[in-house]
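Raw upload23.cif, mmCIF, N, CA and C atoms:
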data_structure
#
loop_
_atom_site.label_atom_id
_atom_site.label_comp_id
_atom_site.auth_asym_id
_atom_site.auth_seq_id
_atom_site.Cartn_x
_atom_site.Cartn_y
_atom_site.Cartn_z
N MET A 21 0.85 -1.18 0.00
CA MET A 21 0.00 0.00 0.00
C MET A 21 0.89 1.24 0.00
N ARG A 22 0.52 2.19 -0.77
CA ARG A 22 1.33 3.40 -0.92
C ARG A 22 1.02 4.39 0.21
N GLN A 23 2.05 4.95 0.83
CA GLN A 23 1.91 5.92 1.92
C GLN A 23 1.76 7.33 1.34
N PRO A 24 0.92 8.18 1.97
CA PRO A 24 0.80 9.55 1.49
C PRO A 24 2.13 10.29 1.67
N HIS A 25 2.39 11.20 0.81
CA HIS A 25 3.61 11.99 0.87
C HIS A 25 3.61 12.83 2.15
N PRO A 26 4.75 12.89 2.90
CA PRO A 26 4.80 13.66 4.16
C PRO A 26 4.44 15.13 3.98
N THR A 27 4.77 15.71 2.85
CA THR A 27 4.45 17.12 2.61
C THR A 27 2.94 17.33 2.54
N LEU A 28 2.23 16.38 1.98
CA LEU A 28 0.79 16.47 1.89
C LEU A 28 0.17 16.50 3.29
N PHE A 29 0.67 15.65 4.19
CA PHE A 29 0.18 15.61 5.57
C PHE A 29 0.47 16.93 6.26
N ALA A 30 1.69 17.45 6.12
CA ALA A 30 2.07 18.71 6.77
C ALA A 30 1.21 19.87 6.25
N THR A 31 0.95 19.89 4.97
CA THR A 31 0.13 20.95 4.38
C THR A 31 -1.30 20.89 4.91
N ALA A 32 -1.85 19.69 4.98
CA ALA A 32 -3.22 19.52 5.50
C ALA A 32 -3.30 19.94 6.96
N ALA A 33 -2.31 19.55 7.75
CA ALA A 33 -2.29 19.91 9.18
C ALA A 33 -2.19 21.42 9.34
N SER A 34 -1.35 22.06 8.57
CA SER A 34 -1.19 23.52 8.64
C SER A 34 -2.48 24.23 8.26
N LEU A 35 -3.12 23.76 7.23
CA LEU A 35 -4.38 24.35 6.79
C LEU A 35 -5.45 24.23 7.87
N PHE A 36 -5.53 23.08 8.51
CA PHE A 36 -6.48 22.87 9.59
C PHE A 36 -6.21 23.85 10.74
N LEU A 37 -4.94 23.99 11.12
CA LEU A 37 -4.57 24.87 12.22
C LEU A 37 -4.89 26.33 11.89
N LEU A 38 -4.58 26.76 10.68
CA LEU A 38 -4.89 28.13 10.29
C LEU A 38 -6.38 28.40 10.29
N THR A 39 -7.16 27.45 9.84
CA THR A 39 -8.62 27.59 9.84
C THR A 39 -9.15 27.70 11.26
N ALA A 40 -8.64 26.86 12.16
CA ALA A 40 -9.08 26.89 13.55
C ALA A 40 -8.72 28.22 14.20
N CYS A 41 -7.52 28.72 13.96
CA CYS A 41 -7.10 29.99 14.54
C CYS A 41 -7.91 31.16 14.00
N ALA A 42 -8.24 31.12 12.75
CA ALA A 42 -9.02 32.21 12.15
C ALA A 42 -10.41 32.29 12.74
N ALA A 43 -10.93 31.19 13.25
CA ALA A 43 -12.27 31.17 13.83
C ALA A 43 -12.29 31.75 15.23
N MET A 44 -11.13 31.91 15.88
CA MET A 44 -11.09 32.44 17.24
C MET A 44 -11.29 33.94 17.21
N PRO A 45 -12.19 34.47 18.06
CA PRO A 45 -12.44 35.90 18.04
C PRO A 45 -11.32 36.71 18.68
N TRP A 46 -10.51 36.12 19.54
CA TRP A 46 -9.44 36.82 20.24
C TRP A 46 -8.19 35.98 20.21
N SER A 47 -7.07 36.64 20.37
CA SER A 47 -5.83 35.88 20.48
C SER A 47 -5.84 35.15 21.82
N ALA A 48 -4.97 34.18 21.94
CA ALA A 48 -4.92 33.38 23.16
C ALA A 48 -4.54 34.21 24.38
N THR A 49 -3.90 35.35 24.18
CA THR A 49 -3.48 36.16 25.32
C THR A 49 -4.55 37.13 25.80
N ALA A 50 -5.62 37.31 25.05
CA ALA A 50 -6.68 38.23 25.47
C ALA A 50 -7.48 37.61 26.61
N PRO A 51 -7.77 38.40 27.65
CA PRO A 51 -8.49 37.87 28.81
C PRO A 51 -9.99 37.79 28.63
N ALA A 52 -10.50 38.30 27.52
CA ALA A 52 -11.94 38.35 27.33
C ALA A 52 -12.29 38.04 25.89
N LYS A 53 -13.57 37.97 25.64
CA LYS A 53 -14.06 37.71 24.29
C LYS A 53 -15.26 38.61 24.04
N THR A 54 -15.74 38.62 22.82
CA THR A 54 -16.93 39.40 22.49
C THR A 54 -18.12 38.46 22.44
N ASP A 55 -19.19 38.84 23.12
CA ASP A 55 -20.43 38.08 23.11
C ASP A 55 -21.54 39.05 22.72
N ASP A 56 -22.04 38.91 21.51
CA ASP A 56 -23.13 39.76 21.03
C ASP A 56 -22.76 41.25 21.13
N GLY A 57 -21.51 41.59 20.77
CA GLY A 57 -21.07 42.97 20.75
C GLY A 57 -20.60 43.54 22.07
N VAL A 58 -20.54 42.73 23.11
CA VAL A 58 -20.13 43.18 24.44
C VAL A 58 -18.97 42.30 24.92
N LEU A 59 -18.02 42.92 25.62
CA LEU A 59 -16.90 42.16 26.17
C LEU A 59 -17.34 41.34 27.37
N THR A 60 -16.89 40.09 27.40
CA THR A 60 -17.15 39.21 28.54
C THR A 60 -15.83 38.55 28.92
N ASP A 61 -15.72 38.12 30.18
CA ASP A 61 -14.49 37.42 30.55
C ASP A 61 -14.45 36.08 29.83
N ALA A 62 -13.25 35.64 29.51
CA ALA A 62 -13.08 34.46 28.66
C ALA A 62 -13.46 33.16 29.36
N THR A 63 -13.44 33.11 30.68
CA THR A 63 -13.70 31.85 31.37
C THR A 63 -15.17 31.63 31.72
N ARG A 64 -15.85 32.66 32.20
CA ARG A 64 -17.24 32.49 32.64
C ARG A 64 -18.27 33.13 31.73
N GLY A 65 -17.82 34.00 30.84
CA GLY A 65 -18.76 34.68 29.95
C GLY A 65 -19.55 35.79 30.61
N MET A 66 -19.03 36.31 31.73
CA MET A 66 -19.73 37.39 32.44
C MET A 66 -19.42 38.74 31.79
N THR A 67 -20.44 39.59 31.72
CA THR A 67 -20.31 40.90 31.10
C THR A 67 -19.30 41.76 31.85
N LEU A 68 -18.49 42.49 31.08
CA LEU A 68 -17.54 43.44 31.64
C LEU A 68 -18.07 44.85 31.43
N TYR A 69 -17.74 45.74 32.38
CA TYR A 69 -18.26 47.10 32.36
C TYR A 69 -17.13 48.12 32.50
N THR A 70 -17.41 49.34 32.01
CA THR A 70 -16.53 50.49 32.25
C THR A 70 -17.30 51.50 33.09
N PHE A 71 -16.54 52.35 33.78
CA PHE A 71 -17.09 53.35 34.68
C PHE A 71 -16.74 54.73 34.13
N ASP A 72 -17.74 55.59 33.96
CA ASP A 72 -17.52 56.91 33.37
C ASP A 72 -16.54 57.77 34.17
N ARG A 73 -16.39 57.53 35.46
CA ARG A 73 -15.46 58.34 36.27
C ARG A 73 -14.00 57.93 36.07
N ASP A 74 -13.77 56.78 35.45
CA ASP A 74 -12.40 56.38 35.13
C ASP A 74 -11.91 57.18 33.93
N VAL A 75 -10.70 57.68 34.04
CA VAL A 75 -10.08 58.41 32.94
C VAL A 75 -9.21 57.42 32.17
N ALA A 76 -9.49 57.31 30.87
CA ALA A 76 -8.75 56.35 30.05
C ALA A 76 -7.26 56.68 30.05
N HIS A 77 -6.47 55.64 30.14
CA HIS A 77 -5.00 55.70 30.03
C HIS A 77 -4.30 56.42 31.17
N ASN A 78 -4.97 56.66 32.31
CA ASN A 78 -4.24 57.27 33.42
C ASN A 78 -3.72 56.23 34.41
N GLY A 79 -4.08 54.95 34.21
CA GLY A 79 -3.54 53.88 35.04
C GLY A 79 -4.17 53.74 36.41
N ASN A 80 -5.30 54.39 36.64
CA ASN A 80 -5.97 54.32 37.94
C ASN A 80 -7.42 53.87 37.79
N SER A 81 -7.96 53.41 38.91
CA SER A 81 -9.37 53.07 38.98
C SER A 81 -10.05 54.04 39.93
N ALA A 82 -11.20 54.58 39.53
CA ALA A 82 -11.98 55.47 40.39
C ALA A 82 -12.95 54.68 41.26
N CYS A 83 -12.97 53.36 41.12
CA CYS A 83 -13.90 52.51 41.88
C CYS A 83 -13.11 51.67 42.86
N ASN A 84 -13.09 52.13 44.12
CA ASN A 84 -12.39 51.43 45.19
C ASN A 84 -13.30 51.31 46.40
N GLY A 85 -12.88 50.58 47.42
CA GLY A 85 -13.66 50.45 48.64
C GLY A 85 -15.04 49.87 48.40
N PRO A 86 -16.10 50.52 48.94
CA PRO A 86 -17.46 50.01 48.77
C PRO A 86 -17.87 49.89 47.30
N CYS A 87 -17.39 50.79 46.47
CA CYS A 87 -17.71 50.72 45.04
C CYS A 87 -17.25 49.38 44.46
N ALA A 88 -16.04 48.95 44.84
CA ALA A 88 -15.48 47.70 44.30
C ALA A 88 -16.20 46.46 44.83
N LYS A 89 -16.99 46.60 45.88
CA LYS A 89 -17.79 45.46 46.35
C LYS A 89 -18.97 45.23 45.40
N ASN A 90 -19.58 46.31 44.94
CA ASN A 90 -20.68 46.20 43.98
C ASN A 90 -20.19 45.99 42.56
N TRP A 91 -19.02 46.52 42.25
CA TRP A 91 -18.43 46.45 40.92
C TRP A 91 -17.05 45.81 41.04
N PRO A 92 -16.99 44.49 41.23
CA PRO A 92 -15.71 43.83 41.41
C PRO A 92 -14.79 44.04 40.20
N PRO A 93 -13.54 44.40 40.47
CA PRO A 93 -12.59 44.58 39.36
C PRO A 93 -12.34 43.28 38.62
N PHE A 94 -12.03 43.40 37.36
CA PHE A 94 -11.61 42.27 36.53
C PHE A 94 -10.10 42.13 36.75
N TYR A 95 -9.74 41.38 37.79
CA TYR A 95 -8.34 41.25 38.20
C TYR A 95 -7.52 40.50 37.14
N ALA A 96 -6.27 40.90 37.03
CA ALA A 96 -5.32 40.23 36.16
C ALA A 96 -4.40 39.37 37.02
N ASN A 97 -4.10 38.17 36.56
CA ASN A 97 -3.16 37.30 37.27
C ASN A 97 -1.77 37.92 37.26
N ALA A 98 -0.94 37.46 38.17
CA ALA A 98 0.43 37.98 38.29
C ALA A 98 1.24 37.77 37.01
N ASP A 99 0.94 36.71 36.28
CA ASP A 99 1.69 36.42 35.05
C ASP A 99 1.04 37.01 33.80
N ALA A 100 -0.02 37.79 33.95
CA ALA A 100 -0.72 38.39 32.81
C ALA A 100 0.18 39.40 32.10
N LYS A 101 0.06 39.45 30.79
CA LYS A 101 0.86 40.36 29.98
C LYS A 101 -0.06 41.23 29.14
N PRO A 102 0.21 42.56 29.10
CA PRO A 102 -0.57 43.43 28.22
C PRO A 102 -0.40 42.99 26.77
N HIS A 103 -1.45 43.20 25.98
CA HIS A 103 -1.43 42.77 24.59
C HIS A 103 -2.39 43.63 23.78
N ASN A 104 -1.86 44.33 22.77
CA ASN A 104 -2.67 45.19 21.91
C ASN A 104 -3.46 46.19 22.75
N ALA A 105 -4.78 46.19 22.67
CA ALA A 105 -5.62 47.15 23.40
C ALA A 105 -5.78 46.79 24.88
N TRP A 106 -5.27 45.62 25.27
CA TRP A 106 -5.38 45.15 26.66
C TRP A 106 -4.19 45.62 27.47
N THR A 107 -4.47 46.34 28.56
CA THR A 107 -3.41 46.81 29.45
C THR A 107 -3.75 46.40 30.87
N ILE A 108 -2.82 46.62 31.77
CA ILE A 108 -3.01 46.27 33.18
C ILE A 108 -2.70 47.50 34.01
N ILE A 109 -3.59 47.81 34.95
CA ILE A 109 -3.36 48.92 35.87
C ILE A 109 -3.14 48.37 37.27
N LYS A 110 -2.54 49.18 38.13
CA LYS A 110 -2.39 48.82 39.54
C LYS A 110 -3.47 49.56 40.31
N ARG A 111 -4.21 48.81 41.11
CA ARG A 111 -5.28 49.39 41.92
C ARG A 111 -4.73 49.96 43.23
N ASP A 112 -5.55 50.71 43.95
CA ASP A 112 -5.15 51.28 45.24
C ASP A 112 -4.72 50.20 46.22
N ASP A 113 -5.33 48.99 46.10
CA ASP A 113 -4.99 47.90 47.01
C ASP A 113 -3.75 47.12 46.55
N GLY A 114 -3.12 47.57 45.46
CA GLY A 114 -1.91 46.93 44.96
C GLY A 114 -2.14 45.80 43.97
N LYS A 115 -3.39 45.39 43.80
CA LYS A 115 -3.70 44.30 42.86
C LYS A 115 -3.73 44.84 41.43
N SER A 116 -3.58 43.92 40.49
CA SER A 116 -3.60 44.28 39.07
C SER A 116 -5.00 44.08 38.50
N GLN A 117 -5.40 44.98 37.61
CA GLN A 117 -6.72 44.94 37.00
C GLN A 117 -6.58 45.13 35.49
N TRP A 118 -7.37 44.36 34.74
CA TRP A 118 -7.38 44.52 33.29
C TRP A 118 -8.06 45.82 32.90
N ALA A 119 -7.53 46.43 31.84
CA ALA A 119 -8.15 47.60 31.21
C ALA A 119 -8.19 47.34 29.71
N TYR A 120 -9.21 47.88 29.07
CA TYR A 120 -9.34 47.74 27.63
C TYR A 120 -9.39 49.14 27.03
N LYS A 121 -8.50 49.42 26.11
CA LYS A 121 -8.36 50.74 25.51
C LYS A 121 -8.22 51.79 26.61
N GLY A 122 -7.47 51.44 27.65
CA GLY A 122 -7.16 52.37 28.74
C GLY A 122 -8.21 52.48 29.82
N LYS A 123 -9.37 51.83 29.67
CA LYS A 123 -10.44 51.93 30.67
C LYS A 123 -10.46 50.65 31.52
N PRO A 124 -10.35 50.79 32.86
CA PRO A 124 -10.44 49.62 33.73
C PRO A 124 -11.77 48.89 33.55
N LEU A 125 -11.73 47.58 33.72
CA LEU A 125 -12.92 46.75 33.53
C LEU A 125 -13.39 46.15 34.84
N TYR A 126 -14.72 46.02 34.95
CA TYR A 126 -15.37 45.54 36.17
C TYR A 126 -16.49 44.56 35.83
N PHE A 127 -16.89 43.82 36.85
CA PHE A 127 -18.11 43.01 36.79
C PHE A 127 -19.18 43.75 37.59
N TRP A 128 -20.43 43.36 37.45
CA TRP A 128 -21.53 43.89 38.27
C TRP A 128 -21.97 42.77 39.19
N SER A 129 -22.01 43.03 40.48
CA SER A 129 -22.31 41.99 41.47
C SER A 129 -23.69 41.38 41.30
N LYS A 130 -24.59 42.06 40.62
CA LYS A 130 -25.96 41.54 40.47
C LYS A 130 -26.16 40.74 39.18
N ASP A 131 -25.14 40.68 38.34
CA ASP A 131 -25.19 39.77 37.20
C ASP A 131 -24.95 38.37 37.73
N MET A 132 -25.88 37.48 37.53
CA MET A 132 -25.78 36.13 38.10
C MET A 132 -25.37 35.07 37.09
N ALA A 133 -25.62 35.30 35.82
CA ALA A 133 -25.33 34.29 34.80
C ALA A 133 -24.66 34.93 33.59
N ALA A 134 -23.96 34.09 32.87
CA ALA A 134 -23.33 34.56 31.63
C ALA A 134 -24.38 35.23 30.75
N GLY A 135 -24.02 36.37 30.20
CA GLY A 135 -24.95 37.09 29.34
C GLY A 135 -25.79 38.14 30.05
N ASP A 136 -25.88 38.09 31.39
CA ASP A 136 -26.62 39.13 32.12
C ASP A 136 -25.94 40.47 31.88
N ARG A 137 -26.74 41.52 31.75
CA ARG A 137 -26.21 42.88 31.55
C ARG A 137 -27.00 43.87 32.41
N LYS A 138 -27.27 43.47 33.62
CA LYS A 138 -28.10 44.29 34.50
C LYS A 138 -27.44 45.61 34.90
N GLY A 139 -26.12 45.69 34.79
CA GLY A 139 -25.41 46.90 35.17
C GLY A 139 -25.30 47.94 34.06
N ASP A 140 -25.67 47.59 32.84
CA ASP A 140 -25.53 48.51 31.72
C ASP A 140 -26.43 49.72 31.92
N GLY A 141 -25.83 50.90 32.00
CA GLY A 141 -26.58 52.13 32.19
C GLY A 141 -26.85 52.47 33.65
N PHE A 142 -26.37 51.65 34.59
CA PHE A 142 -26.62 51.89 36.01
C PHE A 142 -26.14 53.29 36.40
N ASN A 143 -27.00 54.05 37.07
CA ASN A 143 -26.72 55.43 37.49
C ASN A 143 -26.19 56.30 36.35
N ASN A 144 -26.48 55.89 35.15
CA ASN A 144 -26.01 56.58 33.95
C ASN A 144 -24.49 56.81 33.97
N MET A 145 -23.76 55.86 34.64
CA MET A 145 -22.30 55.98 34.75
C MET A 145 -21.58 54.68 34.41
N TRP A 146 -22.32 53.58 34.32
CA TRP A 146 -21.71 52.30 34.05
C TRP A 146 -22.18 51.81 32.69
N ARG A 147 -21.26 51.30 31.90
CA ARG A 147 -21.56 50.87 30.53
C ARG A 147 -21.02 49.47 30.29
N ALA A 148 -21.78 48.66 29.59
CA ALA A 148 -21.25 47.37 29.14
C ALA A 148 -20.09 47.70 28.20
N ALA A 149 -18.95 47.06 28.43
CA ALA A 149 -17.74 47.35 27.64
C ALA A 149 -17.90 46.77 26.24
N THR A 150 -17.50 47.52 25.25
CA THR A 150 -17.57 47.07 23.86
C THR A 150 -16.19 47.17 23.22
N PRO A 151 -15.94 46.30 22.25
CA PRO A 151 -14.62 46.35 21.58
C PRO A 151 -14.49 47.57 20.68
#

Rewrite the structure of this file - the entire thing - as structure tokens.
Amino acid sequence: MRQPHPTLFATAASLFLLTACAAMPWSATAPAKTDDGVLTDATRGMTLYTFDRDVAHNGNSACNGPCAKNWPPFYANADAKPHNAWTIIKRDDGKSQWAYKGKPLYFWSKDMAAGDRKGDGFNNMWRAATP
């Protein structure tokens, strides 16, 4: 029986890998994904929010203390690396938080399931984060 040429196998494998990668909405280093036009965390699919009082690209969060209990920060792991529009800020408590296009990202404590967006428009200061 004749064996397929090794180059044919390598070409087919490469084509499969490229097709699979092209279907991914984010690179492997991005901490979130897009779900119906809104950013969600990559592991649980929970909606991410921005706060109007945060100033983009200043490296700070305006939501600390009691605010952070209702709007938990989207913390970055110690080994997390900034990538493209994704940056990391240091919070007042010394922990690292993800930011997208310079705006720190948060969860809303009352969102209970993936896809919930109960915090969008809250107090006319909180917005579901969009890419």

Review point. Applied to the shown file, which residues does the PyMOL selection byres (((chain A and resi 122 and name CA) around 10) and name CA) return, written as a ChimeraX atom specification?
Key: /A:74-80,105-109,118-121,123-125

**Study point:** Gap from atom C of Pro51 in chain A to atom N of Lys115 in chain A - Å, one decimal
**Key:** 18.2 Å

Review point. How far is it from atom N of Phe94 in chain A to atom C of Asp56 in chain A, in Å with one decimal?
Key: 19.6 Å

Practice item. Using CA of Met145 in chain A and CA of Pro92 in chain A as the two end points, give the distance in Å to one decimal. Key: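 That distance, rounded to one decimal, is 15.3 Å.
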
Dump as JSON lines the rows for residues of range 91-129 of chain A within 8 Å of range 58-67 of chain A: closest atom pair and distance in Å with one decimal, all atoms listed in the file counted, ordered by chain and rising residue number.
{"residue": "A:Leu125", "atom": "C", "partner": "A:Thr67", "partner_atom": "C", "distance": 7.9}
{"residue": "A:Tyr126", "atom": "C", "partner": "A:Thr67", "partner_atom": "C", "distance": 5.6}
{"residue": "A:Phe127", "atom": "CA", "partner": "A:Thr67", "partner_atom": "C", "distance": 5.2}
{"residue": "A:Trp128", "atom": "N", "partner": "A:Thr67", "partner_atom": "C", "distance": 5.9}

Among range 38-123 of chain A, which ones does DSSP place in alpha helix (DSSP H), written as a tab-separated table (two decimals) with N, CA and C atoms, keeping the file's coordinate frame?
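Result written to out_19.tsv:
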chain	number	residue	atom	x	y	z
A	38	LEU	N	-4.58	26.76	10.68
A	38	LEU	CA	-4.89	28.13	10.29
A	38	LEU	C	-6.38	28.40	10.29
A	39	THR	N	-7.16	27.45	9.84
A	39	THR	CA	-8.62	27.59	9.84
A	39	THR	C	-9.15	27.70	11.26
A	40	ALA	N	-8.64	26.86	12.16
A	40	ALA	CA	-9.08	26.89	13.55
A	40	ALA	C	-8.72	28.22	14.20
A	41	CYS	N	-7.52	28.72	13.96
A	41	CYS	CA	-7.10	29.99	14.54
A	41	CYS	C	-7.91	31.16	14.00
A	42	ALA	N	-8.24	31.12	12.75
A	42	ALA	CA	-9.02	32.21	12.15
A	42	ALA	C	-10.41	32.29	12.74
A	86	PRO	N	-16.10	50.52	48.94
A	86	PRO	CA	-17.46	50.01	48.77
A	86	PRO	C	-17.87	49.89	47.30
A	87	CYS	N	-17.39	50.79	46.47
A	87	CYS	CA	-17.71	50.72	45.04
A	87	CYS	C	-17.25	49.38	44.46
A	88	ALA	N	-16.04	48.95	44.84
A	88	ALA	CA	-15.48	47.70	44.30
A	88	ALA	C	-16.20	46.46	44.83
A	89	LYS	N	-16.99	46.60	45.88
A	89	LYS	CA	-17.79	45.46	46.35
A	89	LYS	C	-18.97	45.23	45.40
A	90	ASN	N	-19.58	46.31	44.94
A	90	ASN	CA	-20.68	46.20	43.98
A	90	ASN	C	-20.19	45.99	42.56

Name the residues that the PyMOL selection byres (((chain A and resi 100 and name CA) around 10) and name CA) pulls out of this structure, and write them as a PDB file with N, CA and C atoms, in the frame of the given file.
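Listing of out.pdb after writing:
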ATOM      1  N   THR A  49      -3.900  35.350  24.180  1.00  0.00           N
ATOM      2  CA  THR A  49      -3.480  36.160  25.320  1.00  0.00           C
ATOM      3  C   THR A  49      -4.550  37.130  25.800  1.00  0.00           C
ATOM      4  N   ALA A  50      -5.620  37.310  25.050  1.00  0.00           N
ATOM      5  CA  ALA A  50      -6.680  38.230  25.470  1.00  0.00           C
ATOM      6  C   ALA A  50      -7.480  37.610  26.610  1.00  0.00           C
ATOM      7  N   PRO A  51      -7.770  38.400  27.650  1.00  0.00           N
ATOM      8  CA  PRO A  51      -8.490  37.870  28.810  1.00  0.00           C
ATOM      9  C   PRO A  51      -9.990  37.790  28.630  1.00  0.00           C
ATOM     10  N   TYR A  95      -9.740  41.380  37.790  1.00  0.00           N
ATOM     11  CA  TYR A  95      -8.340  41.250  38.200  1.00  0.00           C
ATOM     12  C   TYR A  95      -7.520  40.500  37.140  1.00  0.00           C
ATOM     13  N   ALA A  96      -6.270  40.900  37.030  1.00  0.00           N
ATOM     14  CA  ALA A  96      -5.320  40.230  36.160  1.00  0.00           C
ATOM     15  C   ALA A  96      -4.400  39.370  37.020  1.00  0.00           C
ATOM     16  N   ASN A  97      -4.100  38.170  36.560  1.00  0.00           N
ATOM     17  CA  ASN A  97      -3.160  37.300  37.270  1.00  0.00           C
ATOM     18  C   ASN A  97      -1.770  37.920  37.260  1.00  0.00           C
ATOM     19  N   ALA A  98      -0.940  37.460  38.170  1.00  0.00           N
ATOM     20  CA  ALA A  98       0.430  37.980  38.290  1.00  0.00           C
ATOM     21  C   ALA A  98       1.240  37.770  37.010  1.00  0.00           C
ATOM     22  N   ASP A  99       0.940  36.710  36.280  1.00  0.00           N
ATOM     23  CA  ASP A  99       1.690  36.420  35.050  1.00  0.00           C
ATOM     24  C   ASP A  99       1.040  37.010  33.800  1.00  0.00           C
ATOM     25  N   LYS A 101       0.060  39.450  30.790  1.00  0.00           N
ATOM     26  CA  LYS A 101       0.860  40.360  29.980  1.00  0.00           C
ATOM     27  C   LYS A 101      -0.060  41.230  29.140  1.00  0.00           C
ATOM     28  N   PRO A 102       0.210  42.560  29.100  1.00  0.00           N
ATOM     29  CA  PRO A 102      -0.570  43.430  28.220  1.00  0.00           C
ATOM     30  C   PRO A 102      -0.400  42.990  26.770  1.00  0.00           C
ATOM     31  N   HIS A 103      -1.450  43.200  25.980  1.00  0.00           N
ATOM     32  CA  HIS A 103      -1.430  42.770  24.590  1.00  0.00           C
ATOM     33  C   HIS A 103      -2.390  43.630  23.780  1.00  0.00           C
ATOM     34  N   THR A 107      -4.470  46.340  28.560  1.00  0.00           N
ATOM     35  CA  THR A 107      -3.410  46.810  29.450  1.00  0.00           C
ATOM     36  C   THR A 107      -3.750  46.400  30.870  1.00  0.00           C
ATOM     37  N   ILE A 108      -2.820  46.620  31.770  1.00  0.00           N
ATOM     38  CA  ILE A 108      -3.010  46.270  33.180  1.00  0.00           C
ATOM     39  C   ILE A 108      -2.700  47.500  34.010  1.00  0.00           C
ATOM     40  N   SER A 116      -3.580  43.920  40.490  1.00  0.00           N
ATOM     41  CA  SER A 116      -3.600  44.280  39.070  1.00  0.00           C
ATOM     42  C   SER A 116      -5.000  44.080  38.500  1.00  0.00           C
ATOM     43  N   GLN A 117      -5.400  44.980  37.610  1.00  0.00           N
ATOM     44  CA  GLN A 117      -6.720  44.940  37.000  1.00  0.00           C
ATOM     45  C   GLN A 117      -6.580  45.130  35.490  1.00  0.00           C
ATOM     46  N   TRP A 118      -7.370  44.360  34.740  1.00  0.00           N
ATOM     47  CA  TRP A 118      -7.380  44.520  33.290  1.00  0.00           C
ATOM     48  C   TRP A 118      -8.060  45.820  32.900  1.00  0.00           C
TER      49      TRP A 118
END

Exercise for review: Kindly resolve the PyMOL selection byres (((chain A and resi 129 and name CA) around 12) and name CA) on the present coordinates and return the residues as a list of chain:residue names.
Suggested key: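 Given this file, the PyMOL selection byres (((chain A and resi 129 and name CA) around 12) and name CA) evaluates to A:Met66, A:Thr67, A:Leu68, A:Tyr69, A:Pro86, A:Cys87, A:Ala88, A:Lys89, A:Asn90, A:Trp91, A:Pro92, A:Pro93, A:Phe94, A:Tyr126, A:Phe127, A:Trp128, A:Lys130, A:Asp131, A:Met132, A:Ala133, A:Asp136, A:Arg137, A:Lys138, A:Gly139.
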
Check your understanding: For Asn143 in chain A, which residue among A:Lys53, A:Arg73, A:Asn104, A:Lys110 is the nearest when counting only C-alpha atoms?
Key ->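 Closest residue, counting only C-alpha atoms: A:Arg73.
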
Reconstruct N, CA, C and O atoms of range 110-120 of chain A; output as a PDB file, in the frame of the given file.
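Result file follows (selection_23.pdb):
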ATOM      1  N   LYS A 110      -2.540  49.180  38.130  1.00  0.00           N
ATOM      2  CA  LYS A 110      -2.390  48.820  39.540  1.00  0.00           C
ATOM      3  C   LYS A 110      -3.470  49.560  40.310  1.00  0.00           C
ATOM      4  O   LYS A 110      -3.634  50.774  40.195  1.00  0.00           O
ATOM      5  N   ARG A 111      -4.210  48.810  41.110  1.00  0.00           N
ATOM      6  CA  ARG A 111      -5.280  49.390  41.920  1.00  0.00           C
ATOM      7  C   ARG A 111      -4.730  49.960  43.230  1.00  0.00           C
ATOM      8  O   ARG A 111      -3.586  49.702  43.590  1.00  0.00           O
ATOM      9  N   ASP A 112      -5.550  50.710  43.950  1.00  0.00           N
ATOM     10  CA  ASP A 112      -5.150  51.280  45.240  1.00  0.00           C
ATOM     11  C   ASP A 112      -4.720  50.200  46.220  1.00  0.00           C
ATOM     12  O   ASP A 112      -3.871  50.426  47.078  1.00  0.00           O
ATOM     13  N   ASP A 113      -5.330  48.990  46.100  1.00  0.00           N
ATOM     14  CA  ASP A 113      -4.990  47.900  47.010  1.00  0.00           C
ATOM     15  C   ASP A 113      -3.750  47.120  46.550  1.00  0.00           C
ATOM     16  O   ASP A 113      -3.355  46.133  47.164  1.00  0.00           O
ATOM     17  N   GLY A 114      -3.120  47.570  45.460  1.00  0.00           N
ATOM     18  CA  GLY A 114      -1.910  46.930  44.960  1.00  0.00           C
ATOM     19  C   GLY A 114      -2.140  45.800  43.970  1.00  0.00           C
ATOM     20  O   GLY A 114      -1.196  45.301  43.376  1.00  0.00           O
ATOM     21  N   LYS A 115      -3.390  45.390  43.800  1.00  0.00           N
ATOM     22  CA  LYS A 115      -3.700  44.300  42.860  1.00  0.00           C
ATOM     23  C   LYS A 115      -3.730  44.840  41.430  1.00  0.00           C
ATOM     24  O   LYS A 115      -3.904  46.033  41.209  1.00  0.00           O
ATOM     25  N   SER A 116      -3.580  43.920  40.490  1.00  0.00           N
ATOM     26  CA  SER A 116      -3.600  44.280  39.070  1.00  0.00           C
ATOM     27  C   SER A 116      -5.000  44.080  38.500  1.00  0.00           C
ATOM     28  O   SER A 116      -5.688  43.116  38.842  1.00  0.00           O
ATOM     29  N   GLN A 117      -5.400  44.980  37.610  1.00  0.00           N
ATOM     30  CA  GLN A 117      -6.720  44.940  37.000  1.00  0.00           C
ATOM     31  C   GLN A 117      -6.580  45.130  35.490  1.00  0.00           C
ATOM     32  O   GLN A 117      -5.773  45.948  35.028  1.00  0.00           O
ATOM     33  N   TRP A 118      -7.370  44.360  34.740  1.00  0.00           N
ATOM     34  CA  TRP A 118      -7.380  44.520  33.290  1.00  0.00           C
ATOM     35  C   TRP A 118      -8.060  45.820  32.900  1.00  0.00           C
ATOM     36  O   TRP A 118      -9.036  46.245  33.520  1.00  0.00           O
ATOM     37  N   ALA A 119      -7.530  46.430  31.840  1.00  0.00           N
ATOM     38  CA  ALA A 119      -8.150  47.600  31.210  1.00  0.00           C
ATOM     39  C   ALA A 119      -8.190  47.340  29.710  1.00  0.00           C
ATOM     40  O   ALA A 119      -7.327  46.655  29.164  1.00  0.00           O
ATOM     41  N   TYR A 120      -9.210  47.880  29.070  1.00  0.00           N
ATOM     42  CA  TYR A 120      -9.340  47.740  27.630  1.00  0.00           C
ATOM     43  C   TYR A 120      -9.390  49.140  27.030  1.00  0.00           C
ATOM     44  O   TYR A 120     -10.219  49.958  27.449  1.00  0.00           O
TER      45      TYR A 120
END
